[in-house]
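Trainee: model_3.cif (mmCIF, C-alpha atoms) pasted underneath:
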data_coords
loop_
_atom_site.label_atom_id
_atom_site.label_comp_id
_atom_site.auth_asym_id
_atom_site.auth_seq_id
_atom_site.Cartn_x
_atom_site.Cartn_y
_atom_site.Cartn_z
CA MET A 61 -58.10 169.05 22.23
CA ARG A 62 -55.96 166.25 20.85
CA VAL A 63 -53.57 167.03 18.02
CA ALA A 64 -51.64 164.11 16.55
CA VAL A 65 -48.49 164.74 14.53
CA ALA A 66 -47.96 162.04 11.93
CA SER A 67 -46.48 161.42 8.47
CA GLY A 68 -46.16 158.56 6.08
CA LYS A 69 -42.43 158.99 5.63
CA GLY A 70 -40.03 158.74 8.54
CA GLY A 71 -37.66 161.61 9.21
CA THR A 72 -39.93 164.38 7.97
CA GLY A 73 -39.99 166.13 11.35
CA LYS A 74 -42.86 164.74 13.45
CA THR A 75 -40.93 164.93 16.70
CA PHE A 76 -39.46 168.27 15.68
CA VAL A 77 -42.92 169.77 15.11
CA THR A 78 -44.37 168.14 18.25
CA VAL A 79 -41.72 169.33 20.69
CA ASN A 80 -41.56 172.85 19.28
CA LEU A 81 -45.34 173.12 19.36
CA ALA A 82 -45.23 171.99 22.99
CA ARG A 83 -42.55 174.57 23.84
CA SER A 84 -44.47 177.41 22.26
CA TYR A 85 -47.79 176.69 23.99
CA ASP A 86 -48.67 179.10 26.79
CA GLU A 87 -50.79 176.77 28.90
CA PRO A 88 -49.99 173.35 30.39
CA VAL A 89 -49.74 170.75 27.62
CA LEU A 90 -49.51 166.97 27.67
CA VAL A 91 -47.26 165.35 25.07
CA MET A 92 -47.74 161.64 24.36
CA ASP A 93 -44.84 159.98 22.59
CA CYS A 94 -46.54 157.07 20.82
CA ASP A 95 -43.56 156.37 18.56
CA VAL A 96 -42.81 153.47 20.88
CA GLU A 97 -40.11 151.87 18.72
CA GLU A 98 -38.02 155.03 18.82
CA PRO A 99 -39.45 157.52 21.33
CA ASN A 100 -37.35 160.65 20.88
CA SER A 101 -39.45 163.47 22.31
CA ALA A 102 -37.72 163.08 25.69
CA ILE A 103 -34.43 164.11 24.09
CA PHE A 104 -35.88 167.55 23.38
CA LEU A 105 -38.24 167.88 26.34
CA LYS A 106 -35.86 167.46 29.22
CA GLY A 107 -37.14 167.76 32.75
CA GLU A 108 -37.54 165.48 35.74
CA GLN A 109 -38.82 161.93 35.52
CA VAL A 110 -41.99 161.71 37.58
CA SER A 111 -42.75 158.02 37.20
CA SER A 112 -41.83 154.90 35.30
CA ARG A 113 -43.67 151.59 35.10
CA ARG A 114 -43.62 148.44 33.01
CA SER A 115 -46.24 147.88 30.34
CA HIS A 116 -47.63 144.42 29.79
CA VAL A 117 -50.11 142.38 27.79
CA LEU A 118 -52.07 139.36 28.99
CA ILE A 119 -51.09 136.06 27.45
CA PRO A 120 -52.46 132.57 28.14
CA SER A 121 -51.02 130.08 30.59
CA VAL A 122 -52.21 126.46 30.81
CA ASN A 123 -53.49 124.60 33.83
CA GLU A 124 -52.56 121.09 32.74
CA GLN A 125 -54.83 119.48 35.35
CA LEU A 126 -57.90 121.07 33.77
CA CYS A 127 -56.87 120.82 30.10
CA ASP A 128 -58.39 117.87 28.24
CA GLY A 129 -56.59 118.60 24.96
CA CYS A 130 -59.74 119.52 23.01
CA ARG A 131 -57.83 121.91 20.69
CA VAL A 132 -60.42 124.72 20.86
CA CYS A 133 -57.64 127.17 21.83
CA SER A 134 -55.51 126.24 18.85
CA THR A 135 -58.49 126.55 16.49
CA VAL A 136 -59.56 129.90 17.94
CA CYS A 137 -56.07 131.44 17.69
CA GLU A 138 -55.97 133.72 14.64
CA PHE A 139 -52.20 134.08 15.04
CA ASN A 140 -51.16 130.42 15.04
CA ALA A 141 -49.60 130.87 18.46
CA ILE A 142 -50.90 127.62 19.99
CA ALA A 143 -50.27 124.02 19.00
CA VAL A 144 -51.86 121.17 20.96
CA ILE A 145 -49.37 118.32 21.19
CA ALA A 146 -49.82 115.13 23.17
CA GLY A 147 -53.02 116.58 24.57
CA LYS A 148 -51.47 119.79 25.92
CA PRO A 149 -51.24 123.28 24.41
CA LEU A 150 -47.80 124.62 23.52
CA ILE A 151 -47.96 128.42 23.60
CA PHE A 152 -45.64 130.55 21.48
CA GLU A 153 -45.52 133.83 23.39
CA ASP A 154 -43.88 135.89 20.70
CA LEU A 155 -46.67 135.13 18.22
CA CYS A 156 -49.48 135.86 20.71
CA HIS A 157 -51.40 139.09 20.02
CA ALA A 158 -52.95 139.01 23.49
CA CYS A 159 -56.51 138.94 22.17
CA GLY A 160 -57.72 136.66 24.97
CA GLY A 161 -59.75 134.50 22.57
CA CYS A 162 -58.26 131.19 23.71
CA ALA A 163 -58.96 131.82 27.39
CA THR A 164 -62.47 133.04 26.62
CA PHE A 165 -63.43 129.99 24.56
CA CYS A 166 -61.63 127.25 26.53
CA PRO A 167 -64.49 124.90 27.56
CA GLN A 168 -62.51 123.58 30.55
CA ASP A 169 -61.40 127.00 31.87
CA ALA A 170 -57.90 125.58 31.64
CA LEU A 171 -56.33 128.78 30.32
CA HIS A 172 -55.85 131.82 32.48
CA GLU A 173 -54.13 135.01 31.43
CA VAL A 174 -50.84 136.15 32.91
CA GLU A 175 -48.94 139.41 32.54
CA HIS A 176 -46.21 139.47 29.93
CA GLU A 177 -43.99 142.56 29.95
CA ILE A 178 -43.41 144.25 26.61
CA GLY A 179 -42.39 147.83 27.34
CA THR A 180 -42.02 150.78 29.68
CA ILE A 181 -44.15 153.88 30.24
CA THR A 182 -42.36 156.91 31.65
CA GLU A 183 -43.66 160.28 32.65
CA GLN A 184 -41.63 163.45 32.98
CA GLN A 185 -42.38 167.09 33.68
CA ASP A 186 -40.55 169.94 31.97
CA GLY A 187 -42.08 173.21 33.20
CA SER A 188 -45.63 173.31 31.88
CA ILE A 189 -44.99 170.37 29.56
CA ARG A 190 -45.82 166.87 30.79
CA LEU A 191 -44.49 164.06 28.63
CA ILE A 192 -45.69 160.46 28.69
CA SER A 193 -43.51 158.16 26.56
CA GLY A 194 -43.97 154.54 25.65
CA LYS A 195 -41.00 152.38 24.81
CA LEU A 196 -41.36 148.91 23.34
CA ASP A 197 -38.82 146.35 24.56
CA VAL A 198 -36.31 145.24 21.95
CA GLY A 199 -37.41 141.92 20.49
CA LYS A 200 -41.13 142.47 21.12
CA ALA A 201 -43.46 142.77 18.15
CA LEU A 202 -46.58 144.35 19.62
CA ALA A 203 -46.36 148.14 19.45
CA VAL A 204 -50.10 148.78 19.69
CA PRO A 205 -50.60 147.61 23.32
CA VAL A 206 -47.82 149.97 24.45
CA ILE A 207 -49.44 152.82 22.50
CA ARG A 208 -52.77 152.04 24.14
CA ASP A 209 -51.03 152.05 27.51
CA VAL A 210 -49.59 155.52 26.84
CA LYS A 211 -53.08 156.72 26.02
CA ARG A 212 -54.54 155.09 29.12
CA SER A 213 -51.97 156.97 31.20
CA ALA A 214 -53.28 160.16 29.67
CA GLU A 215 -56.90 159.52 30.64
CA ARG A 216 -58.36 162.15 32.96
CA ALA A 217 -55.43 164.41 32.12
CA ARG A 218 -55.45 167.78 33.83
CA GLU A 219 -54.17 169.48 30.67
CA SER A 220 -56.81 170.46 28.12
CA MET A 221 -54.27 170.41 25.26
CA MET A 222 -52.63 167.17 24.14
CA LEU A 223 -50.01 166.67 21.47
CA ILE A 224 -49.34 163.16 20.18
CA ASP A 225 -46.07 162.21 18.49
CA SER A 226 -47.05 159.39 16.12
CA PRO A 227 -44.96 156.56 14.70
CA PRO A 228 -44.15 156.80 10.98
CA GLY A 229 -45.91 154.70 8.40
CA THR A 230 -49.58 153.95 7.87
CA SER A 231 -50.13 150.61 9.60
CA CYS A 232 -51.72 149.66 12.94
CA PRO A 233 -49.43 151.66 15.28
CA MET A 234 -50.03 154.88 13.32
CA VAL A 235 -53.77 154.19 12.97
CA TRP A 236 -54.17 153.53 16.70
CA THR A 237 -52.19 156.64 17.53
CA VAL A 238 -54.13 159.14 15.42
CA SER A 239 -57.67 157.77 15.28
CA ASP A 240 -59.06 159.56 18.35
CA SER A 241 -57.58 162.95 17.46
CA ASP A 242 -59.37 166.19 16.74
CA LEU A 243 -56.72 167.03 14.18
CA VAL A 244 -53.91 165.12 12.51
CA ILE A 245 -51.00 167.22 11.32
CA LEU A 246 -49.22 165.40 8.51
CA VAL A 247 -45.62 166.58 8.38
CA THR A 248 -44.01 166.24 4.98
CA GLU A 249 -41.13 167.58 2.92
CA PRO A 250 -41.25 168.93 -0.63
CA THR A 251 -39.58 165.94 -2.29
CA ALA A 252 -40.70 162.97 -4.38
CA PHE A 253 -40.46 160.73 -1.29
CA GLY A 254 -42.32 163.24 0.83
CA LEU A 255 -45.17 163.44 -1.67
CA HIS A 256 -45.41 159.69 -2.22
CA ASP A 257 -45.67 158.90 1.48
CA LEU A 258 -47.90 161.92 2.18
CA GLN A 259 -50.40 160.51 -0.31
CA LEU A 260 -50.44 157.21 1.59
CA ALA A 261 -50.92 159.02 4.89
CA VAL A 262 -53.73 161.15 3.42
CA GLU A 263 -55.52 158.02 2.17
CA THR A 264 -55.15 156.49 5.63
CA VAL A 265 -56.49 159.44 7.62
CA ARG A 266 -59.34 159.87 5.12
CA GLU A 267 -60.26 156.22 5.66
CA ILE A 268 -60.13 156.72 9.45
CA GLY A 269 -62.20 159.87 9.06
CA VAL A 270 -60.19 162.30 11.20
CA PRO A 271 -59.65 165.94 10.18
CA PHE A 272 -56.15 166.58 8.87
CA ALA A 273 -53.88 169.26 7.45
CA VAL A 274 -50.26 169.48 6.35
CA VAL A 275 -47.10 171.08 7.70
CA LEU A 276 -44.43 171.45 5.06
CA ASN A 277 -41.02 171.02 6.65
CA LYS A 278 -37.63 171.69 5.02
CA ASP A 279 -39.42 174.11 2.70
CA GLY A 280 -37.09 175.05 -0.15
CA VAL A 281 -35.19 171.77 -0.28
CA GLY A 282 -37.09 170.28 -3.21
CA ASP A 283 -39.78 171.49 -5.56
CA SER A 284 -43.45 172.47 -5.57
CA ARG A 285 -45.00 169.00 -6.09
CA VAL A 286 -46.35 168.73 -2.54
CA GLU A 287 -47.88 172.21 -2.73
CA ARG A 288 -49.54 171.33 -6.05
CA TYR A 289 -50.90 168.08 -4.65
CA CYS A 290 -52.33 169.85 -1.59
CA GLU A 291 -53.91 172.54 -3.71
CA GLN A 292 -55.47 170.04 -6.10
CA ASN A 293 -56.86 167.99 -3.23
CA GLY A 294 -58.09 170.83 -1.06
CA ILE A 295 -55.64 170.09 1.75
CA GLU A 296 -54.65 173.05 3.89
CA ILE A 297 -50.96 173.71 4.52
CA LEU A 298 -50.87 175.08 8.06
CA ALA A 299 -47.19 176.07 8.09
CA ARG A 300 -44.02 176.11 6.05
CA ILE A 301 -40.85 175.55 8.05
CA PRO A 302 -37.79 176.69 6.13
CA HIS A 303 -34.93 174.40 5.18
CA ASP A 304 -32.42 176.14 7.38
CA ARG A 305 -28.96 175.22 8.62
CA VAL A 306 -29.50 176.73 12.08
CA ILE A 307 -32.62 174.64 12.61
CA ALA A 308 -30.77 171.50 11.56
CA GLU A 309 -27.87 172.27 13.91
CA LEU A 310 -30.13 172.90 16.91
CA TYR A 311 -32.15 169.79 16.16
CA ALA A 312 -29.00 167.69 15.84
CA GLN A 313 -27.97 168.89 19.30
CA GLY A 314 -31.30 167.80 20.78
CA GLU A 315 -32.57 171.36 21.22
CA THR A 316 -35.89 172.99 20.44
CA ILE A 317 -35.75 176.11 18.26
CA VAL A 318 -38.49 178.36 19.58
CA HIS A 319 -36.24 180.38 21.90
CA ASP A 320 -35.17 182.10 18.67
CA ALA A 321 -37.72 184.79 17.77
CA ARG A 322 -37.61 184.00 14.03
CA TYR A 323 -38.69 180.42 14.60
CA ALA A 324 -40.96 181.19 17.53
CA GLN A 325 -43.11 183.11 15.11
CA VAL A 326 -43.47 180.11 12.77
CA PHE A 327 -44.81 178.01 15.62
CA SER A 328 -47.05 180.65 17.18
CA GLN A 329 -48.61 181.14 13.76
CA LEU A 330 -48.99 177.38 13.45
CA TRP A 331 -50.86 177.34 16.78
CA GLN A 332 -53.19 180.06 15.48
CA LYS A 333 -53.84 178.00 12.36
CA ILE A 334 -54.49 174.86 14.44
CA VAL A 335 -57.03 176.66 16.61
CA ALA A 336 -58.72 178.21 13.56
CA PHE A 337 -58.74 174.87 11.71
CA THR A 338 -60.34 172.94 14.56
CA ALA A 339 -62.90 175.71 15.24
CA ASN A 340 -63.79 175.62 11.56
CA GLU A 341 -64.10 171.82 11.61
CA GLU A 342 -66.37 172.00 14.62
CA ALA A 343 -68.58 174.63 13.02
CA HIS A 344 -68.71 172.52 9.87
CA ARG A 345 -69.80 169.44 11.82
CA ALA A 346 -72.44 171.37 13.76
CA MET B 4 -45.35 103.32 10.50
CA LYS B 5 -46.56 106.60 9.00
CA VAL B 6 -43.98 109.08 7.72
CA ALA B 7 -44.75 112.64 6.52
CA PHE B 8 -42.97 114.04 3.45
CA THR B 9 -43.15 117.67 2.30
CA ALA B 10 -44.43 117.80 -1.29
CA SER B 11 -45.64 120.21 -3.92
CA GLY B 12 -48.09 117.69 -5.43
CA ASP B 13 -50.33 114.71 -4.72
CA THR B 14 -48.19 111.79 -5.89
CA LEU B 15 -44.77 110.22 -5.34
CA ASP B 16 -43.67 111.88 -8.59
CA ALA B 17 -44.34 115.29 -7.09
CA THR B 18 -41.44 117.62 -6.34
CA PHE B 19 -40.08 117.22 -2.83
CA ASP B 20 -40.54 120.55 -1.02
CA ASN B 21 -37.55 121.84 0.96
CA ARG B 22 -39.80 124.03 3.06
CA PHE B 23 -41.77 122.64 5.97
CA GLY B 24 -44.34 125.17 7.23
CA ARG B 25 -45.08 126.50 3.78
CA ALA B 26 -44.94 123.26 1.86
CA GLU B 27 -48.00 122.86 -0.36
CA LYS B 28 -48.85 119.33 0.79
CA PHE B 29 -47.75 116.54 3.05
CA ILE B 30 -47.65 113.01 1.73
CA ILE B 31 -48.30 110.68 4.66
CA TYR B 32 -46.67 107.42 3.65
CA ASP B 33 -47.46 104.15 5.44
CA THR B 34 -44.24 102.12 5.31
CA ALA B 35 -45.96 98.88 6.39
CA ARG B 36 -48.55 98.90 3.57
CA ASP B 37 -46.74 101.01 0.96
CA THR B 38 -49.77 103.28 0.60
CA TYR B 39 -50.13 106.99 1.16
CA THR B 40 -52.61 109.78 1.79
CA VAL B 41 -52.26 113.47 1.02
CA LEU B 42 -52.63 116.25 3.56
CA ASP B 43 -53.30 119.71 2.15
CA ASN B 44 -51.36 122.60 3.71
CA ALA B 45 -52.92 125.46 1.70
CA GLN B 46 -54.22 127.22 4.80
CA ASN B 47 -50.77 127.48 6.35
CA LEU B 48 -49.19 128.38 3.03
CA GLU B 49 -51.03 131.67 3.29
CA ALA B 50 -50.75 132.21 7.06
CA ALA B 51 -49.32 135.58 8.07
CA GLN B 52 -47.35 133.92 10.86
CA GLY B 53 -46.99 130.61 12.66
CA ALA B 54 -47.18 128.45 9.51
CA GLY B 55 -44.58 126.02 10.86
CA ILE B 56 -46.41 125.58 14.16
CA GLN B 57 -49.74 124.75 12.57
CA ALA B 58 -48.19 122.55 9.87
CA ALA B 59 -46.40 120.63 12.62
CA GLU B 60 -49.63 120.26 14.55
CA HIS B 61 -51.32 118.79 11.45
CA VAL B 62 -48.46 116.42 10.79
CA VAL B 63 -48.58 115.22 14.40
CA ALA B 64 -52.38 114.83 14.21
CA SER B 65 -52.02 112.71 11.04
CA GLY B 66 -50.36 110.05 13.19
CA ALA B 67 -46.99 110.34 11.45
CA LYS B 68 -44.11 109.24 13.67
CA ALA B 69 -41.41 110.65 11.41
CA LEU B 70 -41.07 113.72 9.21
CA VAL B 71 -38.86 114.08 6.14
CA THR B 72 -38.33 117.63 4.92
CA GLY B 73 -35.66 120.04 3.72
CA HIS B 74 -35.31 122.27 6.74
CA LEU B 75 -37.01 122.86 10.05
CA GLY B 76 -37.33 126.20 11.85
CA PRO B 77 -37.25 126.59 15.66
CA LYS B 78 -40.98 126.79 16.38
CA ALA B 79 -41.94 123.91 14.11
CA ALA B 80 -39.08 121.88 15.60
CA LYS B 81 -40.37 122.53 19.11
CA VAL B 82 -43.81 121.14 18.16
CA ILE B 83 -42.42 118.16 16.21
CA PHE B 84 -39.98 117.13 18.94
CA SER B 85 -42.49 117.74 21.77
CA ALA B 86 -44.71 115.19 20.05
CA GLY B 87 -41.87 112.69 19.88
CA VAL B 88 -41.85 112.72 16.08
CA GLU B 89 -38.46 112.06 14.48
CA ALA B 90 -37.26 114.45 11.78
CA TYR B 91 -34.98 113.78 8.81
CA HIS B 92 -33.31 116.03 6.28
CA ALA B 93 -33.51 115.13 2.59
CA ASP B 94 -32.09 116.92 -0.44
CA VAL B 95 -33.82 115.22 -3.37
CA GLN B 96 -35.94 116.00 -6.42
CA THR B 97 -39.08 113.92 -5.87
CA VAL B 98 -41.08 112.58 -2.95
CA GLY B 99 -40.54 109.05 -4.29
CA GLU B 100 -36.76 109.44 -3.95
CA ALA B 101 -37.19 110.66 -0.39
CA VAL B 102 -39.38 107.65 0.43
CA ALA B 103 -36.78 105.28 -1.01
CA MET B 104 -33.99 106.95 0.96
CA TYR B 105 -36.04 106.86 4.15
CA LYS B 106 -36.69 103.13 3.72
CA SER B 107 -33.01 102.41 3.12
CA LYS B 108 -32.12 104.48 6.21
CA ALA B 109 -29.99 106.81 4.09
CA LEU B 110 -31.36 110.08 5.54
CA LYS B 111 -29.63 112.31 8.06
CA PRO B 112 -31.65 112.82 11.25
CA LEU B 113 -32.45 116.37 12.32
CA ARG B 114 -31.99 116.69 16.07
CA ASN B 115 -32.68 120.44 16.25
CA ALA B 116 -34.00 123.24 14.09
CA ASP B 117 -31.46 123.75 11.31
CA VAL B 118 -32.62 127.16 10.06
CA GLU B 119 -33.83 130.42 11.61
CA GLY B 120 -37.53 131.25 11.71
CA HIS B 121 -38.90 132.70 8.45
CA TRP B 122 -36.25 130.84 6.51
CA VAL B 123 -37.92 131.40 3.12
#
How does this structure look as structure tokens?
Mentor:
Amino acid sequence: MRVAVASGKGGTGKTFVTVNLARSYDEPVLVMDCDVEEPNSAIFLKGEQVSSRRSHVLIPSVNEQLCDGCRVCSTVCEFNAIAVIAGKPLIFEDLCHACGGCATFCPQDALHEVEHEIGTITEQQDGSIRLISGKLDVGKALAVPVIRDVKRSAERARESMMLIDSPPGTSCPMVWTVSDSDLVILVTEPTAFGLHDLQLAVETVREIGVPFAVVLNKDGVGDSRVERYCEQNGIEILARIPHDRVIAELYAQGETIVHDARYAQVFSQLWQKIVAFTANEEAHRA
Amino acid sequence: MKVAFTASGDTLDATFDNRFGRAEKFIIYDTARDTYTVLDNAQNLEAAQGAGIQAAEHVVASGAKALVTGHLGPKAAKVIFSAGVEAYHADVQTVGEAVAMYKSKALKPLRNADVEGHWV
């Protein structure tokens, strides 16, 4: 089962929910940190690094002997990354989305694709928790290929349970992260900002068509607007995590909270709800 | 010789556009014949990225050997200079004024990009 933890708003507690869910799971679990612009799960899930490798995309390179300056590559490029000047293509690497269109359509076979490094994939093991994190290099614009690479690393995983820490927002990186999940947990907070961005996230996951439910974090900090919205729209709230100074202090120190029995219970109940929710979804689909 | 001017209209009375990649039009002026043609840049005006690169490619393809604009970003500059096109900076109201200044050699040459990418 794949459970993605997402939100519209940043800072609602996606990583917090992900790492504490991982810690309170009894069986081996694979955590994928797909928040590749700021992968933080490793701060909370310590453990030994098992492997690290560079992540790359394929970008075009020109064989000037073969190129006849026909401009097909420049016309094909949706991203304006190629200009043909004096009969030769000039390639702007940082605009290239690595779609491969130019190389595919070049009538002279003058473009071949070369590896262009954009990030790092690391794997670490913390007891029964395996973590695969993607980290986009500073200055690179393409988060999605690194996210895909994290997911490729998780193919044929030995763990039957996977938790995915999603990037914030509702654009391509978030969509790519959550779209193959069995359940998306949208973490929000009971504030005007929380509600506004939750609504955007709900619209997005509805459009994608993945099952979703809400976890209300920092419960007690604001008002009941998120609860009202969920009730009116038939969205299940799987858990309420209290706005609590001790939680904030532990989190600020880079610690998980489930060694404390009071909080362990919140997360074990959340696991029960997740299992029940997905079983229900499956029955519904059947 | 053909010279490209960034413009927001079709005539020499049109406002001279300070922007290059997202200028509305290019007026391609033939200094030998004192005639001009107009190159539309609408497609690049709406491009999500790379407007300067494609605009520069069009200007080069028009046969212009010089470009007169307000400012030039790094990617557009790379294309323009790779093609051996000269670039000049003008700070004027109309295209006609820019043409007159170009002819009287009153414009300052641009040897490099003079603004960051995504200047406007």
Trainee: Which residues of range 63-121 of chain B come within 9 Å of range 15-38 of chain B, and for each one, what is the closest pair of atoms and their distance in Å to one decimal, counting only C-alpha atoms, sorted by chain and residue number, as JSON lines?
Mentor:
{"residue": "B:Ser65", "atom": "CA", "partner": "B:Ile31", "partner_atom": "CA", "distance": 7.7}
{"residue": "B:Gly66", "atom": "CA", "partner": "B:Ile31", "partner_atom": "CA", "distance": 8.8}
{"residue": "B:Ala67", "atom": "CA", "partner": "B:Ile31", "partner_atom": "CA", "distance": 6.9}
{"residue": "B:Thr72", "atom": "CA", "partner": "B:Asn21", "partner_atom": "CA", "distance": 5.8}
{"residue": "B:Gly73", "atom": "CA", "partner": "B:Asn21", "partner_atom": "CA", "distance": 3.8}
{"residue": "B:His74", "atom": "CA", "partner": "B:Arg22", "partner_atom": "CA", "distance": 6.1}
{"residue": "B:Leu75", "atom": "CA", "partner": "B:Phe23", "partner_atom": "CA", "distance": 6.3}
{"residue": "B:Gly76", "atom": "CA", "partner": "B:Phe23", "partner_atom": "CA", "distance": 8.2}
{"residue": "B:Ala79", "atom": "CA", "partner": "B:Gly24", "partner_atom": "CA", "distance": 7.4}
{"residue": "B:His92", "atom": "CA", "partner": "B:Asn21", "partner_atom": "CA", "distance": 8.9}
{"residue": "B:Ala93", "atom": "CA", "partner": "B:Asn21", "partner_atom": "CA", "distance": 8.0}
{"residue": "B:Asp94", "atom": "CA", "partner": "B:Asn21", "partner_atom": "CA", "distance": 7.5}
{"residue": "B:Val95", "atom": "CA", "partner": "B:Phe19", "partner_atom": "CA", "distance": 6.6}
{"residue": "B:Gln96", "atom": "CA", "partner": "B:Phe19", "partner_atom": "CA", "distance": 5.6}
{"residue": "B:Thr97", "atom": "CA", "partner": "B:Thr18", "partner_atom": "CA", "distance": 4.4}
{"residue": "B:Val98", "atom": "CA", "partner": "B:Phe19", "partner_atom": "CA", "distance": 4.7}
{"residue": "B:Gly99", "atom": "CA", "partner": "B:Leu15", "partner_atom": "CA", "distance": 4.5}
{"residue": "B:Glu100", "atom": "CA", "partner": "B:Leu15", "partner_atom": "CA", "distance": 8.2}
{"residue": "B:Ala101", "atom": "CA", "partner": "B:Phe19", "partner_atom": "CA", "distance": 7.6}
{"residue": "B:Val102", "atom": "CA", "partner": "B:Tyr32", "partner_atom": "CA", "distance": 8.0}
{"residue": "B:Lys106", "atom": "CA", "partner": "B:Thr34", "partner_atom": "CA", "distance": 7.8}
Trainee: If I take CA of Asp86 in chain A and CA of Gly187 in chain A, how far is one from the other in Å, to one decimal?
Mentor: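 Rounded to one decimal, the two atoms are 10.9 Å apart.
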Trainee: Starting from the shown file, work through the PyMOL selection byres ((chain A) within 12 of (chain B)) and note down what comes out as a list in words.
Mentor: Arg131, Ser134, Thr135, Cys137, Glu138, Phe139, Asn140, Ala141, Ile142, Ala143, Val144, Ile145, Ala146, Gly147, Lys148, Pro149, Leu150, Ile151, Phe152, Glu153, Asp154, Leu155, Cys156 and His157 of chain A
Trainee: I need the residue set behind the PyMOL selection byres ((chain A and resi 92) around 9) for this file; please write it as a PyMOL selection string.
Mentor: chain A and resi 90-91+93-95+101+190-194+210-211+214+222-226
Trainee: The selected residues should be written to file as a tab-separated table (two decimals), in the coordinates of the input (atoms: C-alpha atoms).
Mentor:
chain	number	residue	atom	x	y	z
A	90	LEU	CA	-49.51	166.97	27.67
A	91	VAL	CA	-47.26	165.35	25.07
A	93	ASP	CA	-44.84	159.98	22.59
A	94	CYS	CA	-46.54	157.07	20.82
A	95	ASP	CA	-43.56	156.37	18.56
A	101	SER	CA	-39.45	163.47	22.31
A	190	ARG	CA	-45.82	166.87	30.79
A	191	LEU	CA	-44.49	164.06	28.63
A	192	ILE	CA	-45.69	160.46	28.69
A	193	SER	CA	-43.51	158.16	26.56
A	194	GLY	CA	-43.97	154.54	25.65
A	210	VAL	CA	-49.59	155.52	26.84
A	211	LYS	CA	-53.08	156.72	26.02
A	214	ALA	CA	-53.28	160.16	29.67
A	222	MET	CA	-52.63	167.17	24.14
A	223	LEU	CA	-50.01	166.67	21.47
A	224	ILE	CA	-49.34	163.16	20.18
A	225	ASP	CA	-46.07	162.21	18.49
A	226	SER	CA	-47.05	159.39	16.12
Trainee: One number please: CA of Ile207 in chain A to CA of Leu260 in chain A, in Å, one decimal.
Mentor: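 Rounded to one decimal, the two atoms are 21.4 Å apart.
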Trainee: What does the distance between CA of Val118 in chain B and CA of Ala80 in chain B come to in Å, to one decimal place?
Mentor: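 For CA of Val118 in chain B relative to CA of Ala80 in chain B, the distance reads 10.0 Å.
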Trainee: Could you list, as a PDB file with C-alpha atoms, in the frame of the given file, every residue matched by the PyMOL selection byres ((chain A and resi 327-332) around 7) in this structure?
Mentor:
ATOM      1  CA  LEU A  81     -45.340 173.120  19.360  1.00  0.00           C
ATOM      2  CA  SER A  84     -44.470 177.410  22.260  1.00  0.00           C
ATOM      3  CA  LEU A 298     -50.870 175.080   8.060  1.00  0.00           C
ATOM      4  CA  ALA A 299     -47.190 176.070   8.090  1.00  0.00           C
ATOM      5  CA  TYR A 323     -38.690 180.420  14.600  1.00  0.00           C
ATOM      6  CA  ALA A 324     -40.960 181.190  17.530  1.00  0.00           C
ATOM      7  CA  GLN A 325     -43.110 183.110  15.110  1.00  0.00           C
ATOM      8  CA  VAL A 326     -43.470 180.110  12.770  1.00  0.00           C
ATOM      9  CA  LYS A 333     -53.840 178.000  12.360  1.00  0.00           C
ATOM     10  CA  ILE A 334     -54.490 174.860  14.440  1.00  0.00           C
ATOM     11  CA  VAL A 335     -57.030 176.660  16.610  1.00  0.00           C
ATOM     12  CA  ALA A 336     -58.720 178.210  13.560  1.00  0.00           C
TER      13      ALA A 336
END
Trainee: Can you tell me, as a PyMOL selection string, which residues sit within 8 Å of (-55.7, 162.2, 17.2) in the file's frame, using all atoms listed in the file?
Mentor: chain A and resi 62-64+224+237-244+270
Trainee: Just checking: using only C-alpha atoms, which residue out of A:Gln109, A:Pro227, A:Lys278, A:Phe272 ends up closest to Gly294 in chain A?
Mentor: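 Checking each candidate against Gly294 in chain A, we get A:Phe272 as the closest.
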